[in-house]
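Colleague: If you scroll down you'll find the structure; I have some questions about it.
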Amino acid sequence: MFFFMARPKNLRKIENPPQIKGYQQVGGKNTQDAVIINLEEYESIKLCDHLSLTQEEAAIKMGVSRPTLTRVYSTARKKVAEAFVLGKNIVFEGGKVYFDSDWYKCGNCNSLFNNYMHLSKPMCSLCGSLSITPIN
């Protein structure tokens, strides 16, 4: 008997994590159910709907094929629709992703920040300290 294992997912590139952790419904019955939107799904909606990129352009930015982007984007839109129609909260988390810029931790104030400007000598965006360590 042969068992075939699915090919592991490749990492998908996203620029930055969402600025918020999710959305909470207002009014209606306050249900604990939440729709989980993976970070790559969030990125596909951001690129296609918010930035109005074509799916081909969005796929290139995420480092995936256009059919893969289409699948991710379709799943994301279905999840958003489920949250809207059924009155569920939305939470952004997880996924097989890597960030487009390097991330650091400040040794002074312990804040986490990224080097989105790709500076050769980054400093803490909160306190301005140069005492930082890279995060892998």
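A note on labels: chains of the structure tokens are A, B, ... as shown, every chain counts residues from 1, and ligands are counted from 1 in their shown order.
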Which residues come within 9 Å of stretch 19-22 of chain A, counting only C-alpha atoms, excluding same-chain residues fewer than 3 positions away, as a list in words?
Modeller: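 Selected residues are Asn16, Ile36, Ile37, Asn89, Ile90, Val91, Phe92 and Glu93 of chain A.
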Colleague: Near stretch 97-112 of chain A, within 10 Å and counting only C-alpha atoms, which residues show up once chain neighbours fewer than 4 positions away are dropped, as a PyMOL selection string?
Modeller: chain A and resi 9-17+38-40+61-62+116-119+122-136
Colleague: DSSP says helix (DSSP H, G or I) for which residues of stretch 19-115 of chain A? Put them as a ChimeraX atom specification?
Modeller: /A:39-50,55-62,66-86
Colleague: Would you save the residues from that selection as a PDB file, in the first residue's frame, using C-alpha atoms?
Modeller:
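Output file result-v5.pdb follows:
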```pdb
ATOM      1  CA  LEU A  39      -1.340  36.379   7.058  1.00  0.00           C
ATOM      2  CA  GLU A  40      -0.943  35.370   3.405  1.00  0.00           C
ATOM      3  CA  GLU A  41      -4.719  35.674   2.965  1.00  0.00           C
ATOM      4  CA  TYR A  42      -4.614  39.136   4.546  1.00  0.00           C
ATOM      5  CA  GLU A  43      -1.776  40.110   2.199  1.00  0.00           C
ATOM      6  CA  SER A  44      -3.703  38.915  -0.873  1.00  0.00           C
ATOM      7  CA  ILE A  45      -6.721  41.068   0.048  1.00  0.00           C
ATOM      8  CA  LYS A  46      -4.457  44.036   0.779  1.00  0.00           C
ATOM      9  CA  LEU A  47      -2.683  43.753  -2.569  1.00  0.00           C
ATOM     10  CA  CYS A  48      -5.696  42.944  -4.775  1.00  0.00           C
ATOM     11  CA  ASP A  49      -8.495  44.953  -3.147  1.00  0.00           C
ATOM     12  CA  HIS A  50      -6.812  47.778  -1.236  1.00  0.00           C
ATOM     13  CA  GLN A  55      -3.593  39.045  -9.451  1.00  0.00           C
ATOM     14  CA  GLU A  56      -0.472  38.664 -11.591  1.00  0.00           C
ATOM     15  CA  GLU A  57       1.174  41.702  -9.918  1.00  0.00           C
ATOM     16  CA  ALA A  58       0.109  40.522  -6.452  1.00  0.00           C
ATOM     17  CA  ALA A  59       1.493  37.036  -7.108  1.00  0.00           C
ATOM     18  CA  ILE A  60       4.871  38.504  -8.055  1.00  0.00           C
ATOM     19  CA  LYS A  61       4.949  40.640  -4.894  1.00  0.00           C
ATOM     20  CA  MET A  62       4.140  37.579  -2.750  1.00  0.00           C
ATOM     21  CA  ARG A  66      -0.761  33.360 -10.108  1.00  0.00           C
ATOM     22  CA  PRO A  67      -2.908  30.218  -9.582  1.00  0.00           C
ATOM     23  CA  THR A  68      -1.636  29.989  -5.976  1.00  0.00           C
ATOM     24  CA  LEU A  69      -2.471  33.657  -5.389  1.00  0.00           C
ATOM     25  CA  THR A  70      -5.950  33.041  -6.821  1.00  0.00           C
ATOM     26  CA  ARG A  71      -6.552  30.155  -4.388  1.00  0.00           C
ATOM     27  CA  VAL A  72      -5.291  32.150  -1.383  1.00  0.00           C
ATOM     28  CA  TYR A  73      -7.324  35.220  -2.397  1.00  0.00           C
ATOM     29  CA  SER A  74     -10.503  33.180  -2.954  1.00  0.00           C
ATOM     30  CA  THR A  75     -10.182  31.537   0.466  1.00  0.00           C
ATOM     31  CA  ALA A  76      -9.622  34.929   2.108  1.00  0.00           C
ATOM     32  CA  ARG A  77     -12.708  36.475   0.503  1.00  0.00           C
ATOM     33  CA  LYS A  78     -14.866  33.509   1.547  1.00  0.00           C
ATOM     34  CA  LYS A  79     -13.669  33.905   5.138  1.00  0.00           C
ATOM     35  CA  VAL A  80     -14.434  37.642   5.144  1.00  0.00           C
ATOM     36  CA  ALA A  81     -17.897  36.938   3.719  1.00  0.00           C
ATOM     37  CA  GLU A  82     -18.509  34.302   6.421  1.00  0.00           C
ATOM     38  CA  ALA A  83     -17.568  36.798   9.131  1.00  0.00           C
ATOM     39  CA  PHE A  84     -19.851  39.497   7.675  1.00  0.00           C
ATOM     40  CA  VAL A  85     -22.862  37.277   7.044  1.00  0.00           C
ATOM     41  CA  LEU A  86     -22.691  35.242  10.264  1.00  0.00           C
TER      42      LEU A  86
END
```
Colleague: What gap, in Å, lies between atom CA of A:Val26 and atom CA of A:Gly95?
Modeller: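 Computed distance, atom CA of A:Val26 to atom CA of A:Gly95, equals 26.9 Å.
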Colleague: Pull the strand (DSSP E or B) assignments for chain A out of DSSP run on the backbone, and list those residues as a list in words.
Modeller: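 Filtering chain A to strand (DSSP E or B) leaves Arg12, Lys13, Ile14, Gly22, Tyr23, Ala34, Val35, Ile36, Ile37, Asn89, Ile90, Val91, Phe92, Val97, Tyr98, Phe99, Trp103, Tyr104, Lys105, Cys106, Leu112, Phe113, Asn114, Ile132, Thr133, Pro134 and Ile135 of chain A.
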